[in-house]
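protein.txt follows; it contains compact mmCIF, C-alpha atoms and all ligand atoms.
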# COMPACT_ATOMS: atom_id res chain seq x y z
CA MET A 196 0.00 0.00 0.00
CA PHE A 197 2.88 2.38 0.73
CA ASP A 198 5.35 1.00 -1.81
CA ASP A 199 5.46 4.37 -3.56
CA VAL A 200 6.71 6.02 -0.33
CA VAL A 201 9.36 3.33 0.17
CA ASP A 202 10.51 3.67 -3.45
CA PHE A 203 10.59 7.45 -3.20
CA VAL A 204 12.67 7.47 0.00
CA ARG A 205 15.06 4.90 -1.49
CA SER A 206 15.38 6.97 -4.65
CA ILE A 207 16.31 10.16 -2.79
CA TYR A 208 18.77 8.45 -0.45
CA GLY A 209 20.00 6.21 -3.28
CA LYS A 210 21.01 3.37 -1.04
CA GLU A 211 20.29 -0.22 -0.08
CA GLY A 212 19.80 -1.45 3.48
CA VAL A 213 18.09 0.36 6.31
CA ILE A 214 17.54 4.09 5.81
CA PRO A 215 17.78 5.67 9.27
CA LEU A 216 15.52 8.41 10.60
CA HIS A 217 18.39 10.83 11.18
CA GLU A 218 22.09 10.14 11.11
CA PRO A 219 24.91 12.60 11.78
CA LEU A 220 27.22 13.80 9.03
CA PHE A 221 30.92 14.50 9.65
CA ILE A 222 32.34 16.13 6.54
CA GLY A 223 34.38 19.03 7.90
CA ASN A 224 37.03 19.69 10.52
CA GLU A 225 35.71 17.20 13.08
CA LYS A 226 38.77 14.93 13.13
CA LYS A 227 41.18 17.88 12.97
CA TYR A 228 39.60 19.61 15.97
CA LEU A 229 39.28 16.36 17.92
CA ASN A 230 42.99 15.74 17.40
CA GLU A 231 43.80 19.31 18.47
CA CYS A 232 41.65 18.83 21.55
CA ILE A 233 43.34 15.53 22.45
CA ASP A 234 46.81 16.98 21.85
CA SER A 235 45.98 19.89 24.14
CA THR A 236 45.02 17.39 26.91
CA PHE A 237 42.07 19.70 27.72
CA VAL A 238 39.37 17.14 26.98
CA SER A 239 37.13 17.92 29.95
CA SER A 240 35.11 20.95 31.00
CA ILE A 241 37.90 23.51 30.53
CA GLY A 242 39.32 24.33 27.11
CA GLN A 243 39.16 26.61 24.12
CA PHE A 244 36.57 24.67 22.09
CA VAL A 245 33.82 24.94 24.68
CA ASN A 246 34.38 28.71 24.88
CA ILE A 247 34.42 29.03 21.08
CA PHE A 248 31.26 26.91 20.88
CA GLU A 249 29.43 29.23 23.30
CA GLU A 250 30.52 32.33 21.35
CA LYS A 251 29.42 30.78 18.06
CA ILE A 252 25.98 29.80 19.37
CA SER A 253 25.44 33.30 20.74
CA HIS A 254 26.52 34.78 17.43
CA TYR A 255 24.29 32.46 15.38
CA THR A 256 21.16 32.70 17.52
CA GLY A 257 21.55 36.34 18.53
CA ALA A 258 21.29 35.40 22.23
CA LYS A 259 23.53 37.50 24.45
CA TYR A 260 24.66 34.52 26.51
CA THR A 261 25.16 30.81 25.88
CA ILE A 262 25.90 28.40 28.71
CA SER A 263 26.96 24.97 27.50
CA THR A 264 25.71 21.81 29.22
CA VAL A 265 26.29 18.07 28.94
CA ASN A 266 22.94 17.63 27.20
CA GLY A 267 19.60 19.29 26.60
CA THR A 268 17.95 17.63 29.60
CA ALA A 269 20.56 19.15 31.93
CA ALA A 270 19.90 22.54 30.32
CA LEU A 271 16.17 22.16 31.05
CA HIS A 272 16.88 21.08 34.62
CA ILE A 273 19.07 24.11 35.29
CA ALA A 274 16.67 26.52 33.56
CA LEU A 275 13.87 25.31 35.84
CA LYS A 276 16.06 25.50 38.95
CA LEU A 277 17.07 29.07 38.13
CA LEU A 278 13.40 30.03 38.12
CA GLY A 279 13.02 28.62 41.62
CA THR A 280 11.17 25.46 40.63
CA ASP A 281 10.94 23.09 43.60
CA GLU A 282 8.54 20.72 45.39
CA ASN A 283 6.11 23.60 45.93
CA SER A 284 5.96 24.43 42.23
CA GLU A 285 4.19 23.41 39.08
CA VAL A 286 5.24 23.87 35.47
CA ILE A 287 2.88 24.15 32.51
CA THR A 288 3.90 22.31 29.38
CA GLN A 289 2.54 20.29 26.47
CA PRO A 290 1.71 16.58 26.73
CA LEU A 291 2.87 15.93 23.17
CA THR A 292 6.56 16.13 23.87
CA PHE A 293 9.75 14.21 24.47
CA ILE A 294 10.09 12.89 28.03
CA ALA A 295 13.06 15.19 28.81
CA ILE A 296 10.77 18.09 29.78
CA CYS A 297 8.87 15.99 32.32
CA ASN A 298 12.09 14.44 33.60
CA ALA A 299 13.55 17.89 34.24
CA ILE A 300 10.37 18.97 36.06
CA SER A 301 10.53 15.82 38.18
CA TYR A 302 14.25 16.34 38.98
CA CYS A 303 13.07 19.57 40.66
CA ASN A 304 10.39 17.58 42.55
CA ALA A 305 7.78 19.75 40.85
CA LYS A 306 4.67 18.61 38.96
CA PRO A 307 3.75 19.17 35.32
CA ILE A 308 0.40 20.56 34.17
CA PHE A 309 -0.50 19.71 30.58
CA VAL A 310 -2.25 22.10 28.21
CA ASP A 311 -3.08 21.41 24.57
CA VAL A 312 -1.00 21.98 21.45
CA ASP A 313 -1.92 23.68 18.19
CA LYS A 314 -2.68 21.28 15.36
CA ASP A 315 -0.53 23.11 12.82
CA THR A 316 2.61 23.70 14.93
CA MET A 317 2.37 20.67 17.28
CA GLY A 318 3.65 23.16 19.89
CA LEU A 319 1.96 24.57 22.99
CA SER A 320 -1.32 26.32 22.20
CA PRO A 321 -1.59 29.91 23.47
CA LYS A 322 -5.39 29.57 23.54
CA SER A 323 -5.30 26.46 25.70
CA LEU A 324 -2.72 28.09 27.97
CA GLU A 325 -4.82 31.22 28.40
CA THR A 326 -8.01 29.28 29.07
CA PHE A 327 -6.22 27.29 31.76
CA LEU A 328 -4.75 30.41 33.38
CA VAL A 329 -8.06 32.34 33.30
CA THR A 330 -10.09 29.53 34.83
CA GLN A 331 -7.64 27.67 37.06
CA THR A 332 -5.25 30.21 38.57
CA ILE A 333 -5.11 33.22 40.84
CA GLN A 334 -2.51 35.94 41.33
CA LYS A 335 -0.88 36.31 44.77
CA ASN A 336 1.98 38.69 45.58
CA GLY A 337 2.85 39.10 41.92
CA SER A 338 2.98 35.35 41.21
CA CYS A 339 0.62 32.86 39.61
CA TYR A 340 -0.91 30.10 41.77
CA ASN A 341 -2.93 27.04 40.82
CA LYS A 342 -6.35 27.39 42.55
CA LYS A 343 -6.67 23.62 42.90
CA THR A 344 -3.31 22.89 44.55
CA ASP A 345 -2.27 26.34 45.82
CA LYS A 346 1.14 25.73 44.23
CA LYS A 347 3.09 28.41 42.43
CA ILE A 348 3.42 28.05 38.67
CA THR A 349 7.03 28.99 38.07
CA ALA A 350 7.35 28.36 34.35
CA VAL A 351 5.79 27.50 31.04
CA ILE A 352 7.87 25.27 28.78
CA ALA A 353 6.86 25.57 25.13
CA MET A 354 8.50 23.44 22.49
CA HIS A 355 9.33 23.94 18.82
CA THR A 356 8.35 20.44 17.77
CA PHE A 357 10.56 18.82 15.11
CA GLY A 358 11.91 22.31 14.32
CA PHE A 359 8.52 23.91 13.54
CA PRO A 360 8.30 27.20 15.46
CA CYS A 361 5.33 27.37 17.85
CA ARG A 362 3.32 30.57 18.50
CA VAL A 363 5.86 31.75 21.00
CA ASN A 364 5.08 35.47 20.66
CA ASP A 365 1.51 34.90 21.84
CA ILE A 366 2.69 32.54 24.57
CA LYS A 367 5.21 35.13 25.76
CA LYS A 368 2.50 37.82 26.05
CA ILE A 369 0.28 35.51 28.12
CA CYS A 370 3.17 34.48 30.39
CA LYS A 371 3.99 38.13 31.02
CA GLN A 372 0.38 38.95 31.84
CA TYR A 373 0.22 36.08 34.35
CA ASN A 374 3.71 36.58 35.87
CA ILE A 375 5.07 33.26 34.70
CA LYS A 376 8.53 32.77 33.20
CA LEU A 377 8.91 31.21 29.78
CA ILE A 378 11.41 28.53 28.77
CA GLU A 379 11.56 27.56 25.12
CA ASP A 380 12.50 23.97 24.44
CA SER A 381 14.43 24.56 21.24
CA ALA A 382 16.20 21.21 21.50
CA GLU A 383 15.13 20.37 17.97
CA SER A 384 15.05 23.83 16.41
CA LEU A 385 18.60 25.07 15.84
CA GLY A 386 18.25 27.00 12.58
CA SER A 387 14.50 27.72 12.99
CA PHE A 388 13.35 31.34 13.08
CA ILE A 389 10.21 33.42 13.53
CA ASN A 390 10.35 36.74 11.67
CA ASN A 391 14.12 36.28 11.42
CA GLN A 392 14.55 35.93 15.18
CA HIS A 393 15.95 32.60 16.32
CA THR A 394 13.73 30.26 18.30
CA GLY A 395 14.83 30.03 21.90
CA THR A 396 15.48 33.79 22.15
CA TYR A 397 11.86 34.82 22.80
CA GLY A 398 11.53 33.36 26.28
CA ASP A 399 13.49 34.07 29.46
CA MET A 400 15.68 31.13 28.48
CA GLY A 401 15.87 28.68 25.60
CA ILE A 402 17.57 25.32 25.51
CA ILE A 403 19.13 23.42 22.61
CA SER A 404 20.20 19.77 22.33
CA PHE A 405 23.18 18.44 20.40
CA ASN A 406 22.34 14.77 20.81
CA GLY A 407 23.48 12.44 18.01
CA ASN A 408 20.11 12.63 16.29
CA LYS A 409 19.98 16.45 16.07
CA ILE A 410 20.81 18.67 13.09
CA ILE A 411 24.37 19.03 14.42
CA THR A 412 25.89 16.96 17.20
CA GLY A 413 28.71 16.84 19.68
CA GLY A 414 27.95 13.18 20.40
CA GLY A 415 26.07 14.69 23.32
CA GLY A 416 25.67 18.24 24.47
CA GLY A 417 23.25 21.03 25.12
CA CYS A 418 23.08 24.68 26.06
CA ILE A 419 20.97 27.39 27.62
CA ILE A 420 20.60 30.61 25.66
CA THR A 421 19.40 33.82 27.31
CA ASN A 422 19.59 37.60 27.14
CA ASP A 423 19.46 37.90 30.92
CA GLU A 424 22.91 38.54 32.36
CA ASN A 425 21.97 37.51 35.88
CA LEU A 426 20.44 34.19 34.79
CA ALA A 427 23.49 33.55 32.59
CA LYS A 428 25.88 34.17 35.47
CA ILE A 429 24.07 31.82 37.84
CA ALA A 430 23.65 29.21 35.09
CA LYS A 431 27.40 29.16 34.45
CA HIS A 432 28.11 28.98 38.18
CA ILE A 433 25.65 26.20 39.00
CA THR A 434 26.66 24.08 35.97
CA THR A 435 30.32 24.23 37.01
CA THR A 436 29.82 22.79 40.54
CA ALA A 437 29.22 26.28 42.01
CA LYS A 438 32.95 26.61 42.65
CA VAL A 439 34.05 29.93 44.09
CA PRO A 440 36.75 31.30 41.76
CA HIS A 441 40.16 30.98 43.42
CA LYS A 442 43.74 30.21 42.36
CA TRP A 443 43.87 26.88 44.20
CA GLU A 444 41.16 26.48 46.78
CA PHE A 445 38.11 24.22 46.35
CA ALA A 446 35.20 26.07 47.91
CA HIS A 447 31.59 25.95 46.71
CA ASP A 448 28.83 28.35 47.74
CA MET A 449 25.71 26.38 46.78
CA VAL A 450 24.65 22.95 45.53
CA GLY A 451 26.12 22.79 42.07
CA TYR A 452 26.09 20.39 39.14
CA ASN A 453 28.86 18.94 37.00
CA TYR A 454 26.91 19.83 33.88
CA ARG A 455 29.37 21.77 31.72
CA MET A 456 29.91 20.37 28.23
CA PRO A 457 33.31 18.65 27.92
CA ASN A 458 35.76 20.36 25.57
CA ILE A 459 36.02 17.20 23.46
CA ASN A 460 32.29 17.31 22.62
CA ALA A 461 32.63 21.02 21.91
CA ALA A 462 35.52 20.31 19.49
CA LEU A 463 33.14 18.17 17.44
CA LEU A 464 30.45 20.84 17.65
CA VAL A 465 32.68 23.70 16.54
CA ALA A 466 33.41 21.71 13.38
CA GLN A 467 29.72 20.82 12.93
CA LEU A 468 28.70 24.47 13.29
CA GLU A 469 30.92 25.34 10.32
CA ASN A 470 28.56 23.25 8.16
CA LEU A 471 25.25 24.27 9.72
CA GLU A 472 24.17 26.55 6.85
CA LYS A 473 24.93 23.82 4.33
CA PHE A 474 22.96 21.27 6.37
CA LEU A 475 20.01 23.65 6.65
CA LYS A 476 19.96 24.29 2.91
CA ASN A 477 20.09 20.59 2.12
CA LYS A 478 17.40 19.76 4.65
CA ARG A 479 15.15 22.38 3.10
CA GLU A 480 15.69 20.86 -0.35
CA LEU A 481 14.82 17.45 1.05
CA ALA A 482 11.66 18.85 2.68
CA MET A 483 10.57 20.43 -0.61
CA ALA A 484 11.09 17.10 -2.39
CA TYR A 485 8.90 15.38 0.22
CA LYS A 486 6.32 18.15 -0.08
CA ASP A 487 6.07 17.66 -3.85
CA PHE A 488 5.83 13.92 -3.43
CA PHE A 489 3.03 14.10 -0.85
CA THR A 490 0.91 16.60 -2.80
CA ASP A 491 -2.46 15.04 -3.71
CA LYS A 492 -2.04 12.08 -1.37
CA ALA A 493 -4.63 10.97 1.17
CA TYR A 494 -2.36 12.23 3.96
CA TYR A 495 -0.42 15.43 4.20
CA PHE A 496 3.03 16.86 4.70
CA VAL A 497 3.56 19.37 7.54
CA GLU A 498 4.89 22.73 6.36
CA GLU A 499 6.30 25.76 8.14
CA ARG A 500 3.81 28.54 8.89
CA ILE A 501 3.98 31.92 7.19
CA ASN A 502 6.68 34.22 8.65
CA THR A 503 8.44 31.25 10.20
CA CYS A 504 11.40 29.28 8.98
CA SER A 505 11.67 25.66 10.07
CA ASN A 506 14.96 23.78 10.03
CA TYR A 507 12.90 20.75 8.91
CA TRP A 508 14.83 18.67 11.42
CA LEU A 509 12.38 15.77 11.07
CA ASN A 510 10.05 15.70 8.09
CA THR A 511 6.54 14.95 9.21
CA ILE A 512 3.34 13.65 7.70
CA ILE A 513 -0.13 13.35 9.18
CA LEU A 514 -2.06 10.24 8.29
CA LYS A 515 -5.83 9.76 8.13
CA ASP A 516 -6.26 7.80 11.35
CA ILE A 517 -4.45 5.41 13.67
CA THR A 518 -5.18 2.38 11.48
CA GLN A 519 -3.56 4.00 8.47
CA ARG A 520 -0.70 5.25 10.65
CA ASN A 521 0.05 1.77 12.02
CA LEU A 522 -0.07 0.26 8.55
CA PHE A 523 2.33 2.93 7.32
CA LEU A 524 4.75 2.30 10.20
CA ASP A 525 4.59 -1.48 9.79
CA GLU A 526 5.11 -1.46 6.05
CA THR A 527 7.83 1.17 5.79
CA ASN A 528 9.88 -0.27 8.68
CA ALA A 529 9.52 -3.83 7.32
CA LYS A 530 10.96 -2.55 4.05
CA GLY A 531 13.96 -0.89 5.70
CA VAL A 532 12.72 2.70 5.69
CA MET A 533 12.85 3.89 9.26
CA THR A 534 9.76 5.87 10.18
CA ARG A 535 8.55 6.67 13.68
CA PRO A 536 5.34 7.82 15.37
CA ILE A 537 5.22 10.91 17.56
CA TRP A 538 5.56 10.37 21.32
CA VAL A 539 2.96 8.75 23.54
CA LEU A 540 1.26 11.63 25.38
CA MET A 541 2.95 12.35 28.70
CA ASN A 542 -0.36 12.28 30.59
CA GLU A 543 -0.88 8.72 29.36
CA LEU A 544 2.39 7.48 30.91
CA SER A 545 1.83 5.79 34.27
CA ILE A 546 4.16 8.28 36.02
CA TYR A 547 2.14 11.30 34.89
CA GLN A 548 -1.37 9.84 34.73
CA SER A 549 -2.54 11.80 37.75
CA SER A 550 -1.32 15.14 36.35
CA GLN A 551 -3.70 18.05 35.93
CA CYS A 552 -4.68 18.48 32.28
CA ALA A 553 -6.58 20.94 30.15
CA GLU A 554 -8.71 19.61 27.29
CA LEU A 555 -6.18 17.88 25.03
CA ILE A 556 -8.17 17.52 21.81
CA ASN A 557 -5.39 18.41 19.37
CA ALA A 558 -2.68 16.50 21.22
CA GLU A 559 -4.85 13.39 21.25
CA TRP A 560 -5.66 13.80 17.54
CA LEU A 561 -2.02 14.29 16.54
CA ALA A 562 -0.69 11.48 18.74
CA LYS A 563 -2.65 9.00 16.62
CA ARG A 564 -1.60 10.33 13.23
CA VAL A 565 1.87 11.92 13.14
CA VAL A 566 4.78 10.06 11.57
CA ASN A 567 8.37 11.20 10.99
CA LEU A 568 10.21 10.27 7.81
CA PRO A 569 13.93 9.74 7.16
CA SER A 570 15.44 13.21 7.36
CA SER A 571 19.24 12.90 7.38
CA VAL A 572 21.10 15.54 5.39
CA ILE A 573 21.78 14.42 1.82
CA LEU A 574 24.70 16.24 0.25
CA SER A 575 23.98 17.26 -3.30
C1 LIG B 1 12.20 18.34 22.51
C2 LIG B 1 13.38 17.82 23.25
N1 LIG B 1 13.66 18.32 24.47
C3 LIG B 1 14.71 17.91 25.15
C4 LIG B 1 15.57 16.95 24.66
C5 LIG B 1 16.68 16.49 25.51
O1 LIG B 1 17.93 16.67 24.95
P1 LIG B 1 19.11 15.66 25.29
O2 LIG B 1 18.83 14.38 24.60
O3 LIG B 1 20.31 16.37 24.73
O4 LIG B 1 19.17 15.53 26.76
C6 LIG B 1 15.31 16.41 23.38
C7 LIG B 1 16.09 15.39 22.75
O5 LIG B 1 17.01 14.88 22.72
C8 LIG B 1 14.19 16.85 22.66
O6 LIG B 1 13.92 16.35 21.45
So, in terms of structure tokens, how does the structure I just supplied come out?
Ligand SMILES: Cc1ncc(COP(=O)(O)O)c(C=O)c1O
Amino acid sequence: MFDDVVDFVRSIYGKEGVIPLHEPLFIGNEKKYLNECIDSTFVSSIGQFVNIFEEKISHYTGAKYTISTVNGTAALHIALKLLGTDENSEVITQPLTFIAICNAISYCNAKPIFVDVDKDTMGLSPKSLETFLVTQTIQKNGSCYNKKTDKKITAVIAMHTFGFPCRVNDIKKICKQYNIKLIEDSAESLGSFINNQHTGTYGDMGIISFNGNKIITGGGGGCIITNDENLAKIAKHITTTAKVPHKWEFAHDMVGYNYRMPNINAALLVAQLENLEKFLKNKRELAMAYKDFFTDKAYYFVEERINTCSNYWLNTIILKDITQRNLFLDETNAKGVMTRPIWVLMNELSIYQSSQCAELINAEWLAKRVVNLPSSVILS
């Protein structure tokens, strides 16, 4: 039934065997910089590559400050901690997301609240957020409290799903009105913009992941981006074991984390960043080829919204229903074309089943229909 899709994917990748969902590409100075890093002996959290990496991310995204971390989950954890998230807090996020967001909330001993997503962006819905805040919260001493639990809502985490920018401008306005801080989960959206402003720079903080499956990778890695000098300073301090600067003494002034990205991962990333524009261009060409192919089919290809630019990290289609989706997944995977469904909704996982939820009509609809297609960069 989906032989045409399998043939099309094989024709664009031009290869036998399994076609992965997303594989990294090392075509630049990766080995050179890794050797330089090894020769320098600075392979851990101090070294020139991790500093260069932070400067380059700030330059590319336009964020004033970049604080590198060991991965995107650590970046989320620290971002939440910096906003005072603890066992007396709650964090509003979307249920249609990767588990990392909920893990980070749980590391802070806080609880997630799930509001719906928009159907077109698959990211947090400003409407659903506003409805929840209007009906379920009250303001006390300049902060937002959940009427039901009397817990403070410290943050909203909105995500740019698969690189498609969500309606973050609207979300930001609502957060401001309700005295809640905004974290953008831009783990998947390096190279995605809204009106030429990089995703992750709208909120109080953004986070990016450089896991092996992302558009560029350091093997592992992440970062926080922010324009807030104070948050940046504390983030750097807390991710480097909260060590008090001194020539030789080991003193620490708060509970810190060993979360700084090792220089050796940064060496890989500095080389990868040199090819980011090329990767983005090639991914866009791939997306346009998919778009043409899926025109006039009984299911549709997800496109970037007007005034937004997606990095098309993972190309995405929406099938008719769950039966058609499962058939598609079974057939394509059996024929060596790796395709994957979107995540199981967080509120359906046993650990989060008792979480407070808004109406989740769009999230439930999408969870049954969304499939990602092979999206690795193909060099032309
Ligand atoms: C949306 C999202 N948030 C957070 C993360 C966590 O990043 P990491 O794997 O680097 O910890 C990922 C994926 O890796 C992700 O896709």
Any chance you could tabulate, as a Markdown table, the residues of chain A at most 9 Å from ligand LIG 1 (chain B) with each one's nearest atom pair and distance in Å to one decimal, using only C-alpha atoms and all ligand atoms, in chain and rising number order?
| residue | atom | partner | partner_atom | distance |
| --- | --- | --- | --- | --- |
| A:Thr264 | CA | B:LIG1 | O3 | 8.9 |
| A:Val265 | CA | B:LIG1 | O3 | 7.5 |
| A:Asn266 | CA | B:LIG1 | O3 | 3.8 |
| A:Gly267 | CA | B:LIG1 | O1 | 3.5 |
| A:Thr268 | CA | B:LIG1 | O4 | 3.7 |
| A:Ala269 | CA | B:LIG1 | O4 | 6.5 |
| A:Ala270 | CA | B:LIG1 | O4 | 7.9 |
| A:Leu271 | CA | B:LIG1 | C3 | 7.4 |
| A:Thr292 | CA | B:LIG1 | C1 | 6.2 |
| A:Phe293 | CA | B:LIG1 | C1 | 5.2 |
| A:Ile294 | CA | B:LIG1 | C3 | 7.4 |
| A:Ala295 | CA | B:LIG1 | C3 | 4.8 |
| A:Ile296 | CA | B:LIG1 | N1 | 6.0 |
| A:Met354 | CA | B:LIG1 | C1 | 6.3 |
| A:His355 | CA | B:LIG1 | C1 | 7.3 |
| A:Thr356 | CA | B:LIG1 | C1 | 6.5 |
| A:Phe357 | CA | B:LIG1 | O6 | 7.6 |
| A:Asp380 | CA | B:LIG1 | N1 | 5.8 |
| A:Ser381 | CA | B:LIG1 | C1 | 6.7 |
| A:Ala382 | CA | B:LIG1 | C2 | 4.7 |
| A:Glu383 | CA | B:LIG1 | O6 | 5.5 |
| A:Ser384 | CA | B:LIG1 | C1 | 8.7 |
| A:Ile402 | CA | B:LIG1 | C3 | 8.0 |
| A:Ile403 | CA | B:LIG1 | O1 | 7.2 |
| A:Ser404 | CA | B:LIG1 | O3 | 4.2 |
| A:Phe405 | CA | B:LIG1 | O3 | 5.6 |
| A:Asn406 | CA | B:LIG1 | O3 | 4.7 |
| A:Gly407 | CA | B:LIG1 | O2 | 8.3 |
| A:Asn408 | CA | B:LIG1 | O5 | 7.5 |
| A:Lys409 | CA | B:LIG1 | O5 | 7.5 |
| A:Gly415 | CA | B:LIG1 | O3 | 6.2 |
| A:Gly416 | CA | B:LIG1 | O3 | 5.7 |
| A:Gly417 | CA | B:LIG1 | O3 | 5.5 |
| A:Cys418 | CA | B:LIG1 | O3 | 8.9 |
Practice task
Fewer than 2 positions away in the same chain doesn't count, so skip those; otherwise give me all residues within 10 Å of Thr349 of chain A, counting all atoms listed in the file, as a list in words.
Solution key: Leu275, Lys276, Leu278, Gly279, Thr280, Asp281, Asn283, Ser284, Glu285, Val286, Ile287, Ala305, Ser338, Cys339, Tyr340, Lys346, Lys347, Val351, Asn374, Ile375, Lys376 and Leu377 of chain A
Calculate, to one decimal in Å, the centre and edge lengths of the box along x, y and z of the file that holds all listed atoms of segment 401-414 of chain A with 3 Å of margin on each side, and present them as JSON.
{"center_x": 22.3, "center_y": 20.6, "center_z": 19.3, "size_x": 18.8, "size_y": 22.2, "size_z": 18.5}
Handout entry: Minimum-distance residue to Phe244 of chain A, chosen among A:Gln392, A:Asp491, A:Tyr228, A:Tyr485 (using all atoms listed in the file)
Key =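 When distances to Phe244 of chain A are compared using all atoms listed in the file, the smallest one comes from A:Tyr228.
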Leaving out segment 425-430 of chain A and any residue of its chain fewer than 3 positions from it, which residues lie within 8 Å of it when counting all atoms listed in the file, given as a PDB file with C-alpha atoms, in the coordinates of the input?
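Output file around-v1.pdb is given in full below:
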ATOM      1  CA  TYR A 260      24.660  34.520  26.510  1.00  0.00           C
ATOM      2  CA  THR A 261      25.160  30.810  25.880  1.00  0.00           C
ATOM      3  CA  ILE A 262      25.900  28.400  28.710  1.00  0.00           C
ATOM      4  CA  ILE A 273      19.070  24.110  35.290  1.00  0.00           C
ATOM      5  CA  ALA A 274      16.670  26.520  33.560  1.00  0.00           C
ATOM      6  CA  LEU A 277      17.070  29.070  38.130  1.00  0.00           C
ATOM      7  CA  THR A 421      19.400  33.820  27.310  1.00  0.00           C
ATOM      8  CA  ASN A 422      19.590  37.600  27.140  1.00  0.00           C
ATOM      9  CA  ILE A 433      25.650  26.200  39.000  1.00  0.00           C
ATOM     10  CA  THR A 434      26.660  24.080  35.970  1.00  0.00           C
TER      11      THR A 434
END
